[in-house]
Amino acid sequence: MISIITNDETGKWNEIVKGFTNFDVYYLAEYTKAFEVHGDGEPILFYYQGNNFKAINVVMKRDIALDEKFEGEIPAQTYFDIATPYGYGGFLLEGEVTEENISLLNREYSSICNEKGIVSEFVRFHPILKNSNRLTSMYDVVDLGKTITMKLETPEQIWNDLIGKNRNVIRKARNAGIKIYWGRNSQLIENFIEMYNATMEKDNAKDYYYFKEDFYASVLEDLRYNSMIFYAVYEEKIISMSMILFSNNQMHYHFSASVKNHQHLAPTNLLLLEAACWGAKNGYKTLHLGGGLGSQEDSLYKFKKAFNKNSDTIFSVGKKIFSEDIYIELLKINKGNHTKESTSNFFPKYRG
């Protein structure tokens with residue numbers, strides 16, 4: 001049996017999620033609220049139970065008619081697609097995880113999605129939980145690239161996993177007098193917004209990555225038990241900040257910002273080391289840093305790789321079409337884009 005829980009039922013949502021051994025912050029109702037504010041769609045939790053087996057999937061449901069490509073072409077509130085909220089997710093499975101039970105889940109899940117007018121789904125699987133491994137019969141799974149995960153056994157082990165060059169720049173940051181602090185309050189959020197937006201401008205980031213104040217207000221209020229801002233201070237000025245999320249043994253490097261003319265002091269290197277040590281001392285097992293832009297092994301990836309030369313986590317995505325006929329019709333409406341995107345991995349193609 002499969003049921004749909006909405007974000008109006010926060011208590012019920014989180015009770016279900018926390019009933020899974022390996023749940024993470026990305027599955028909590030509070031995490032999805034900020035991205036609903038950001039305009040990513042309506043948060044939904046799918047919950048399946050059957051044959052000593054259960055499963056959950058958290059998605060953002062988007063009305064395809066709201067995409068400017070389909071304005072006036074299709075009726076509102078008729079056709080939808082779903083995607084993992086920003087970050088990582090995908091189905092968590094627990095109990096008797098057999099191919100038969102996964103097949104039953106797939107059948108019922110596909111049926112309810114068809115009933116609800118959901119045309120397709122895009123999944124960003126969780127690199128640490130490796131949940132893509134058991135879901136290849138449900139999704140077209142594609143491995144995109146490596147990500148970096150720090151193991152948080154002890155501060156000594158964290159230090160030993162760093163590459164030698166990273167240890168050197170962290171020593172220099174300490175010798176320069178940089179201090180790392182952490183906390184959460186509205187003033188820190190305001191500082192972070194200003195620094196983050198300046199960083200996005202410097203990096204020519206896409207519009208999506210500029211978040212409004214109500215987004216940050218949701219993080220401050222809704223994720224008050226699952227987020228912290230770590231920040232580096234030099235000569236009484238904050239020069240680097242990182243928003244770290246955490247839940248159920250796992251930490252995540254969520255958003256980061258720094259002052260350009262102080263980057264040579266490597267404040268973020270020291271900040272991430274201190275965040276990892278904080279995690280180890282507070283019982284967390286991993287700090288996931290993510291990978292490079294577009295899953296490439298670029299300069300960002302190499303920066304993160306310097307924090308664990310032995311990391312072996314992989315980022316995978318999943319693609320699923322529930323209604324081939326409607327998917328094809330949407331491609332036809334979005335004239336020209338089908339041909340343009342046919343050589344690309346963009347999904348769903350009708351949004352390309």
# chains A, B, ... in the order shown; residues from 1 in each chain; ligands from 1
>>> residues_around(residues="Tyr253 in chain A", least_positions_apart="5", cutoff="7 Å", atoms="only C-alpha atoms", output="PyMOL selection string")
chain A and resi 243-245+288-289
>>> closest_atom_pairs(of="range 289-308 of chain A", to="range 263-275 of chain A", cutoff="12 Å", atoms="only C-alpha atoms", output="JSON lines")
{"residue": "A:Leu289", "atom": "CA", "partner": "A:Leu272", "partner_atom": "CA", "distance": 9.2}
{"residue": "A:Phe303", "atom": "CA", "partner": "A:Asn269", "partner_atom": "CA", "distance": 8.7}
{"residue": "A:Lys304", "atom": "CA", "partner": "A:Asn269", "partner_atom": "CA", "distance": 9.2}
{"residue": "A:Lys305", "atom": "CA", "partner": "A:Asn269", "partner_atom": "CA", "distance": 11.5}
{"residue": "A:Ala306", "atom": "CA", "partner": "A:Asn269", "partner_atom": "CA", "distance": 9.2}
{"residue": "A:Phe307", "atom": "CA", "partner": "A:Leu273", "partner_atom": "CA", "distance": 8.0}
{"residue": "A:Asn308", "atom": "CA", "partner": "A:Leu273", "partner_atom": "CA", "distance": 10.8}
>>> atom_distance(atom1="CA of Leu104 in chain A", atom2="CA of Pro127 in chain A")
24.9 Å
>>> atom_distance(atom1="CA of Lys237 in chain A", atom2="CA of Lys165 in chain A")
25.8 Å
>>> residues_around(residues="range 68-80 of chain A", least_positions_apart="4", cutoff="9 Å", atoms="only C-alpha atoms", output="MDAnalysis selection string")
chainID A and resid 61:64 116:120 326 330 333:334 350:351
>>> select_by_dssp(residues="range 6-153 of chain A", states="strand (DSSP E)", output="number ranges by chain")
A: 6, 42-50, 53-63, 80-83, 92-95, 118-124, 140-151
>>> atom_distance(atom1="CA of Val25 in chain A", atom2="CA of Pro85 in chain A")
11.3 Å
>>> residues_around(residues="Ala83 in chain A", least_positions_apart="2", cutoff="7 Å", atoms="only C-alpha atoms", output="list in words")
Val59, Met60, Lys61, Asp81, Pro85, Glu121, Phe122 and Val123 of chain A
>>> residues_around(residues="range 185-188 of chain A", least_positions_apart="3", cutoff="9 Å", atoms="only C-alpha atoms", output="number ranges by chain")
A: 191-193, 217, 220, 229, 231
>>> write_last_selection(atoms="C-alpha atoms", output="compact mmCIF listing (two decimals), in the first residue's frame")
# COMPACT_ATOMS: atom_id res chain seq x y z
CA ASN A 191 26.15 38.16 6.96
CA PHE A 192 25.95 34.90 5.07
CA ILE A 193 23.40 36.23 2.52
CA ALA A 217 14.28 32.56 7.17
CA LEU A 220 16.88 29.57 10.32
CA ILE A 229 26.83 28.29 10.22
CA TYR A 231 32.59 30.98 10.00
>>> residues_around(residues="Ala257 in chain A", least_positions_apart="3", cutoff="7 Å", atoms="only C-alpha atoms", output="list of chain:residue names")
A:Met195, A:Tyr196, A:Thr199, A:Ser240, A:Met241, A:Ser242
>>> write_last_selection(atoms="C-alpha atoms", output="PDB file, in the first residue's frame")
ATOM      1  CA  MET A 195      28.764  37.137   1.344  1.00  0.00           C
ATOM      2  CA  TYR A 196      27.026  34.292  -0.518  1.00  0.00           C
ATOM      3  CA  THR A 199      30.353  34.853  -4.200  1.00  0.00           C
ATOM      4  CA  SER A 240      34.480  32.762   5.076  1.00  0.00           C
ATOM      5  CA  MET A 241      31.165  31.122   5.970  1.00  0.00           C
ATOM      6  CA  SER A 242      29.615  27.697   5.401  1.00  0.00           C
TER       7      SER A 242
END
>>> residues_around(residues="Glu30 in chain A", least_positions_apart="6", cutoff="10 Å", atoms="only C-alpha atoms", output="list of chain:residue names")
A:Asn7, A:Thr10, A:Trp13, A:Asn14, A:Ser218, A:Val219, A:Glu221, A:Asp222, A:Leu223, A:Arg224, A:Tyr225, A:Asn226
>>> select_by_dssp(residues="range 87-176 of chain A", states="alpha helix (DSSP H)", output="MDAnalysis selection string")
chainID A and resid 99:115 155:161 164:175
>>> closest_atom_pairs(of="range 29-124 of chain A", to="range 132-138 of chain A", cutoff="10 Å", atoms="only C-alpha atoms", output="JSON lines")
{"residue": "A:Gly89", "atom": "CA", "partner": "A:Ser132", "partner_atom": "CA", "distance": 9.7}
{"residue": "A:Gly90", "atom": "CA", "partner": "A:Ser132", "partner_atom": "CA", "distance": 7.7}
{"residue": "A:Phe91", "atom": "CA", "partner": "A:Leu135", "partner_atom": "CA", "distance": 8.1}
{"residue": "A:Leu92", "atom": "CA", "partner": "A:Ser132", "partner_atom": "CA", "distance": 9.5}
{"residue": "A:Leu93", "atom": "CA", "partner": "A:Arg134", "partner_atom": "CA", "distance": 8.6}
{"residue": "A:Val97", "atom": "CA", "partner": "A:Arg134", "partner_atom": "CA", "distance": 8.4}
{"residue": "A:Thr98", "atom": "CA", "partner": "A:Arg134", "partner_atom": "CA", "distance": 9.1}
{"residue": "A:Glu99", "atom": "CA", "partner": "A:Ser137", "partner_atom": "CA", "distance": 8.4}
{"residue": "A:Ile102", "atom": "CA", "partner": "A:Leu135", "partner_atom": "CA", "distance": 7.8}
{"residue": "A:Ser103", "atom": "CA", "partner": "A:Met138", "partner_atom": "CA", "distance": 7.7}
{"residue": "A:Leu105", "atom": "CA", "partner": "A:Met138", "partner_atom": "CA", "distance": 9.0}
{"residue": "A:Asn106", "atom": "CA", "partner": "A:Met138", "partner_atom": "CA", "distance": 6.1}
{"residue": "A:Arg107", "atom": "CA", "partner": "A:Met138", "partner_atom": "CA", "distance": 9.2}
{"residue": "A:Tyr109", "atom": "CA", "partner": "A:Met138", "partner_atom": "CA", "distance": 9.8}
{"residue": "A:Ser110", "atom": "CA", "partner": "A:Met138", "partner_atom": "CA", "distance": 9.4}
{"residue": "A:Val123", "atom": "CA", "partner": "A:Ser132", "partner_atom": "CA", "distance": 9.4}
{"residue": "A:Arg124", "atom": "CA", "partner": "A:Ser132", "partner_atom": "CA", "distance": 9.1}
>>> write_last_selection(atoms="N, CA, C and O atoms", output="mmCIF file, in the first residue's frame")
data_model
loop_
_atom_site.group_PDB
_atom_site.id
_atom_site.type_symbol
_atom_site.label_atom_id
_atom_site.label_comp_id
_atom_site.auth_asym_id
_atom_site.auth_seq_id
_atom_site.Cartn_x
_atom_site.Cartn_y
_atom_site.Cartn_z
ATOM 1 N N GLY A 89 18.610 12.334 -2.452
ATOM 2 C CA GLY A 89 17.451 11.610 -1.936
ATOM 3 C C GLY A 89 17.247 10.313 -2.685
ATOM 4 O O GLY A 89 18.157 9.514 -2.856
ATOM 5 N N GLY A 90 16.015 10.122 -3.164
ATOM 6 C CA GLY A 90 15.654 8.846 -3.780
ATOM 7 C C GLY A 90 15.079 7.897 -2.751
ATOM 8 O O GLY A 90 15.159 8.134 -1.536
ATOM 9 N N PHE A 91 14.472 6.833 -3.217
ATOM 10 C CA PHE A 91 13.826 5.878 -2.316
ATOM 11 C C PHE A 91 14.800 5.315 -1.281
ATOM 12 O O PHE A 91 15.921 4.919 -1.602
ATOM 13 N N LEU A 92 14.356 5.290 -0.019
ATOM 14 C CA LEU A 92 14.998 4.502 1.025
ATOM 15 C C LEU A 92 14.177 3.231 1.186
ATOM 16 O O LEU A 92 12.944 3.290 1.261
ATOM 17 N N LEU A 93 14.861 2.111 1.236
ATOM 18 C CA LEU A 93 14.202 0.808 1.360
ATOM 19 C C LEU A 93 14.621 0.162 2.666
ATOM 20 O O LEU A 93 15.783 0.246 3.069
ATOM 21 N N VAL A 97 14.319 -6.460 1.532
ATOM 22 C CA VAL A 97 14.574 -5.761 0.265
ATOM 23 C C VAL A 97 14.900 -6.802 -0.805
ATOM 24 O O VAL A 97 16.055 -7.105 -1.087
ATOM 25 N N THR A 98 13.842 -7.378 -1.383
ATOM 26 C CA THR A 98 13.995 -8.382 -2.439
ATOM 27 C C THR A 98 13.551 -7.795 -3.777
ATOM 28 O O THR A 98 12.842 -6.782 -3.824
ATOM 29 N N GLU A 99 13.970 -8.435 -4.859
ATOM 30 C CA GLU A 99 13.557 -7.967 -6.190
ATOM 31 C C GLU A 99 12.038 -8.028 -6.336
ATOM 32 O O GLU A 99 11.432 -7.171 -6.980
ATOM 33 N N ILE A 102 10.627 -4.992 -4.508
ATOM 34 C CA ILE A 102 10.916 -3.782 -5.282
ATOM 35 C C ILE A 102 10.007 -3.707 -6.496
ATOM 36 O O ILE A 102 9.518 -2.631 -6.860
ATOM 37 N N SER A 103 9.741 -4.847 -7.099
ATOM 38 C CA SER A 103 8.847 -4.896 -8.258
ATOM 39 C C SER A 103 7.417 -4.497 -7.872
ATOM 40 O O SER A 103 6.748 -3.754 -8.595
ATOM 41 N N LEU A 105 6.625 -2.585 -5.305
ATOM 42 C CA LEU A 105 6.708 -1.147 -5.043
ATOM 43 C C LEU A 105 6.634 -0.366 -6.352
ATOM 44 O O LEU A 105 5.866 0.597 -6.473
ATOM 45 N N ASN A 106 7.409 -0.783 -7.320
ATOM 46 C CA ASN A 106 7.461 -0.086 -8.610
ATOM 47 C C ASN A 106 6.092 -0.051 -9.279
ATOM 48 O O ASN A 106 5.661 0.980 -9.799
ATOM 49 N N ARG A 107 5.378 -1.180 -9.215
ATOM 50 C CA ARG A 107 4.063 -1.277 -9.857
ATOM 51 C C ARG A 107 3.069 -0.312 -9.201
ATOM 52 O O ARG A 107 2.373 0.445 -9.874
ATOM 53 N N TYR A 109 3.773 2.286 -7.203
ATOM 54 C CA TYR A 109 4.271 3.653 -7.315
ATOM 55 C C TYR A 109 3.943 4.236 -8.697
ATOM 56 O O TYR A 109 3.446 5.356 -8.807
ATOM 57 N N SER A 110 4.194 3.459 -9.726
ATOM 58 C CA SER A 110 3.904 3.913 -11.090
ATOM 59 C C SER A 110 2.413 4.145 -11.278
ATOM 60 O O SER A 110 2.002 5.117 -11.935
ATOM 61 N N VAL A 123 15.711 11.838 -10.239
ATOM 62 C CA VAL A 123 16.210 11.529 -8.895
ATOM 63 C C VAL A 123 17.699 11.839 -8.796
ATOM 64 O O VAL A 123 18.475 11.482 -9.682
ATOM 65 N N ARG A 124 18.086 12.510 -7.696
ATOM 66 C CA ARG A 124 19.499 12.647 -7.350
ATOM 67 C C ARG A 124 19.746 11.711 -6.164
ATOM 68 O O ARG A 124 19.404 12.039 -5.021
#
>>> decode(residues="range 174-187 of chain A", atoms="all heavy atoms", output="PDB file, in the first residue's frame")
ATOM      1  N   ARG A 174      46.075  28.832  10.361  1.00  0.00           N
ATOM      2  CA  ARG A 174      46.138  28.949  11.826  1.00  0.00           C
ATOM      3  C   ARG A 174      47.210  29.960  12.242  1.00  0.00           C
ATOM      4  O   ARG A 174      46.993  30.797  13.118  1.00  0.00           O
ATOM      5  CB  ARG A 174      46.430  27.575  12.438  1.00  0.00           C
ATOM      6  CG  ARG A 174      45.214  26.662  12.513  1.00  0.00           C
ATOM      7  CD  ARG A 174      45.574  25.323  13.081  1.00  0.00           C
ATOM      8  NE  ARG A 174      44.392  24.507  13.320  1.00  0.00           N
ATOM      9  CZ  ARG A 174      44.394  23.179  13.333  1.00  0.00           C
ATOM     10  NH1 ARG A 174      45.527  22.517  13.090  1.00  0.00           N
ATOM     11  NH2 ARG A 174      43.298  22.512  13.563  1.00  0.00           N
ATOM     12  N   ASN A 175      48.369  29.861  11.591  1.00  0.00           N
ATOM     13  CA  ASN A 175      49.474  30.762  11.935  1.00  0.00           C
ATOM     14  C   ASN A 175      49.149  32.215  11.606  1.00  0.00           C
ATOM     15  O   ASN A 175      49.672  33.135  12.248  1.00  0.00           O
ATOM     16  CB  ASN A 175      50.755  30.338  11.213  1.00  0.00           C
ATOM     17  CG  ASN A 175      51.303  29.004  11.726  1.00  0.00           C
ATOM     18  OD1 ASN A 175      51.002  28.612  12.857  1.00  0.00           O
ATOM     19  ND2 ASN A 175      52.084  28.316  10.907  1.00  0.00           N
ATOM     20  N   ALA A 176      48.280  32.411  10.614  1.00  0.00           N
ATOM     21  CA  ALA A 176      47.880  33.774  10.240  1.00  0.00           C
ATOM     22  C   ALA A 176      46.903  34.370  11.251  1.00  0.00           C
ATOM     23  O   ALA A 176      46.589  35.564  11.186  1.00  0.00           O
ATOM     24  CB  ALA A 176      47.252  33.767   8.846  1.00  0.00           C
ATOM     25  N   GLY A 177      46.420  33.530  12.154  1.00  0.00           N
ATOM     26  CA  GLY A 177      45.528  34.019  13.210  1.00  0.00           C
ATOM     27  C   GLY A 177      44.050  33.833  12.915  1.00  0.00           C
ATOM     28  O   GLY A 177      43.204  34.416  13.608  1.00  0.00           O
ATOM     29  N   ILE A 178      43.714  33.024  11.909  1.00  0.00           N
ATOM     30  CA  ILE A 178      42.295  32.775  11.600  1.00  0.00           C
ATOM     31  C   ILE A 178      41.678  31.897  12.692  1.00  0.00           C
ATOM     32  O   ILE A 178      42.270  30.894  13.102  1.00  0.00           O
ATOM     33  CB  ILE A 178      42.150  32.104  10.219  1.00  0.00           C
ATOM     34  CG1 ILE A 178      42.557  33.098   9.122  1.00  0.00           C
ATOM     35  CG2 ILE A 178      40.712  31.628   9.991  1.00  0.00           C
ATOM     36  CD1 ILE A 178      42.595  32.499   7.742  1.00  0.00           C
ATOM     37  N   LYS A 179      40.517  32.291  13.144  1.00  0.00           N
ATOM     38  CA  LYS A 179      39.777  31.534  14.158  1.00  0.00           C
ATOM     39  C   LYS A 179      38.450  31.081  13.572  1.00  0.00           C
ATOM     40  O   LYS A 179      37.822  31.812  12.792  1.00  0.00           O
ATOM     41  CB  LYS A 179      39.513  32.385  15.406  1.00  0.00           C
ATOM     42  CG  LYS A 179      40.768  32.915  16.080  1.00  0.00           C
ATOM     43  CD  LYS A 179      41.587  31.803  16.713  1.00  0.00           C
ATOM     44  CE  LYS A 179      42.784  32.368  17.471  1.00  0.00           C
ATOM     45  NZ  LYS A 179      43.645  31.278  17.990  1.00  0.00           N
ATOM     46  N   ILE A 180      38.018  29.883  13.956  1.00  0.00           N
ATOM     47  CA  ILE A 180      36.750  29.327  13.459  1.00  0.00           C
ATOM     48  C   ILE A 180      35.731  29.290  14.595  1.00  0.00           C
ATOM     49  O   ILE A 180      36.035  28.821  15.699  1.00  0.00           O
ATOM     50  CB  ILE A 180      36.937  27.906  12.880  1.00  0.00           C
ATOM     51  CG1 ILE A 180      38.057  27.880  11.824  1.00  0.00           C
ATOM     52  CG2 ILE A 180      35.620  27.389  12.301  1.00  0.00           C
ATOM     53  CD1 ILE A 180      37.832  28.783  10.624  1.00  0.00           C
ATOM     54  N   TYR A 181      34.532  29.778  14.298  1.00  0.00           N
ATOM     55  CA  TYR A 181      33.429  29.759  15.256  1.00  0.00           C
ATOM     56  C   TYR A 181      32.201  29.175  14.562  1.00  0.00           C
ATOM     57  O   TYR A 181      32.180  29.007  13.340  1.00  0.00           O
ATOM     58  CB  TYR A 181      33.124  31.177  15.753  1.00  0.00           C
ATOM     59  CG  TYR A 181      34.305  31.855  16.394  1.00  0.00           C
ATOM     60  CD1 TYR A 181      35.122  32.707  15.651  1.00  0.00           C
ATOM     61  CD2 TYR A 181      34.605  31.643  17.742  1.00  0.00           C
ATOM     62  CE1 TYR A 181      36.219  33.331  16.236  1.00  0.00           C
ATOM     63  CE2 TYR A 181      35.699  32.266  18.331  1.00  0.00           C
ATOM     64  CZ  TYR A 181      36.507  33.105  17.571  1.00  0.00           C
ATOM     65  OH  TYR A 181      37.586  33.717  18.151  1.00  0.00           O
ATOM     66  N   TRP A 182      31.195  28.891  15.355  1.00  0.00           N
ATOM     67  CA  TRP A 182      29.963  28.379  14.769  1.00  0.00           C
ATOM     68  C   TRP A 182      28.772  28.812  15.614  1.00  0.00           C
ATOM     69  O   TRP A 182      28.895  29.084  16.802  1.00  0.00           O
ATOM     70  CB  TRP A 182      29.984  26.860  14.614  1.00  0.00           C
ATOM     71  CG  TRP A 182      30.422  26.102  15.825  1.00  0.00           C
ATOM     72  CD1 TRP A 182      29.666  25.621  16.842  1.00  0.00           C
ATOM     73  CD2 TRP A 182      31.776  25.724  16.127  1.00  0.00           C
ATOM     74  NE1 TRP A 182      30.443  24.971  17.769  1.00  0.00           N
ATOM     75  CE2 TRP A 182      31.750  25.011  17.359  1.00  0.00           C
ATOM     76  CE3 TRP A 182      33.010  25.909  15.496  1.00  0.00           C
ATOM     77  CZ2 TRP A 182      32.894  24.497  17.941  1.00  0.00           C
ATOM     78  CZ3 TRP A 182      34.154  25.405  16.085  1.00  0.00           C
ATOM     79  CH2 TRP A 182      34.094  24.708  17.301  1.00  0.00           C
ATOM     80  N   GLY A 183      27.626  28.907  14.955  1.00  0.00           N
ATOM     81  CA  GLY A 183      26.417  29.319  15.642  1.00  0.00           C
ATOM     82  C   GLY A 183      25.276  29.461  14.663  1.00  0.00           C
ATOM     83  O   GLY A 183      25.385  29.070  13.498  1.00  0.00           O
ATOM     84  N   ARG A 184      24.179  30.027  15.148  1.00  0.00           N
ATOM     85  CA  ARG A 184      23.023  30.244  14.266  1.00  0.00           C
ATOM     86  C   ARG A 184      22.149  31.343  14.873  1.00  0.00           C
ATOM     87  O   ARG A 184      21.634  31.194  15.972  1.00  0.00           O
ATOM     88  CB  ARG A 184      22.238  28.965  14.026  1.00  0.00           C
ATOM     89  CG  ARG A 184      21.808  28.197  15.260  1.00  0.00           C
ATOM     90  CD  ARG A 184      21.040  26.929  14.980  1.00  0.00           C
ATOM     91  NE  ARG A 184      20.586  26.809  13.634  1.00  0.00           N
ATOM     92  CZ  ARG A 184      19.462  27.297  13.158  1.00  0.00           C
ATOM     93  NH1 ARG A 184      18.677  28.025  13.928  1.00  0.00           N
ATOM     94  NH2 ARG A 184      19.107  27.096  11.903  1.00  0.00           N
ATOM     95  N   ASN A 185      22.078  32.436  14.164  1.00  0.00           N
ATOM     96  CA  ASN A 185      21.175  33.514  14.550  1.00  0.00           C
ATOM     97  C   ASN A 185      20.938  34.381  13.325  1.00  0.00           C
ATOM     98  O   ASN A 185      21.585  34.204  12.283  1.00  0.00           O
ATOM     99  CB  ASN A 185      21.748  34.331  15.721  1.00  0.00           C
ATOM    100  CG  ASN A 185      23.101  34.935  15.413  1.00  0.00           C
ATOM    101  OD1 ASN A 185      23.264  35.611  14.404  1.00  0.00           O
ATOM    102  ND2 ASN A 185      24.075  34.683  16.288  1.00  0.00           N
ATOM    103  N   SER A 186      20.010  35.310  13.437  1.00  0.00           N
ATOM    104  CA  SER A 186      19.609  36.096  12.272  1.00  0.00           C
ATOM    105  C   SER A 186      20.747  36.980  11.755  1.00  0.00           C
ATOM    106  O   SER A 186      20.860  37.198  10.546  1.00  0.00           O
ATOM    107  CB  SER A 186      18.383  36.951  12.607  1.00  0.00           C
ATOM    108  OG  SER A 186      18.646  37.772  13.723  1.00  0.00           O
ATOM    109  N   GLN A 187      21.627  37.450  12.654  1.00  0.00           N
ATOM    110  CA  GLN A 187      22.742  38.286  12.200  1.00  0.00           C
ATOM    111  C   GLN A 187      23.717  37.481  11.356  1.00  0.00           C
ATOM    112  O   GLN A 187      24.216  37.955  10.323  1.00  0.00           O
ATOM    113  CB  GLN A 187      23.470  38.901  13.400  1.00  0.00           C
ATOM    114  CG  GLN A 187      24.592  39.861  13.004  1.00  0.00           C
ATOM    115  CD  GLN A 187      24.111  41.007  12.138  1.00  0.00           C
ATOM    116  OE1 GLN A 187      23.206  41.741  12.522  1.00  0.00           O
ATOM    117  NE2 GLN A 187      24.679  41.167  10.943  1.00  0.00           N
TER     118      GLN A 187
END
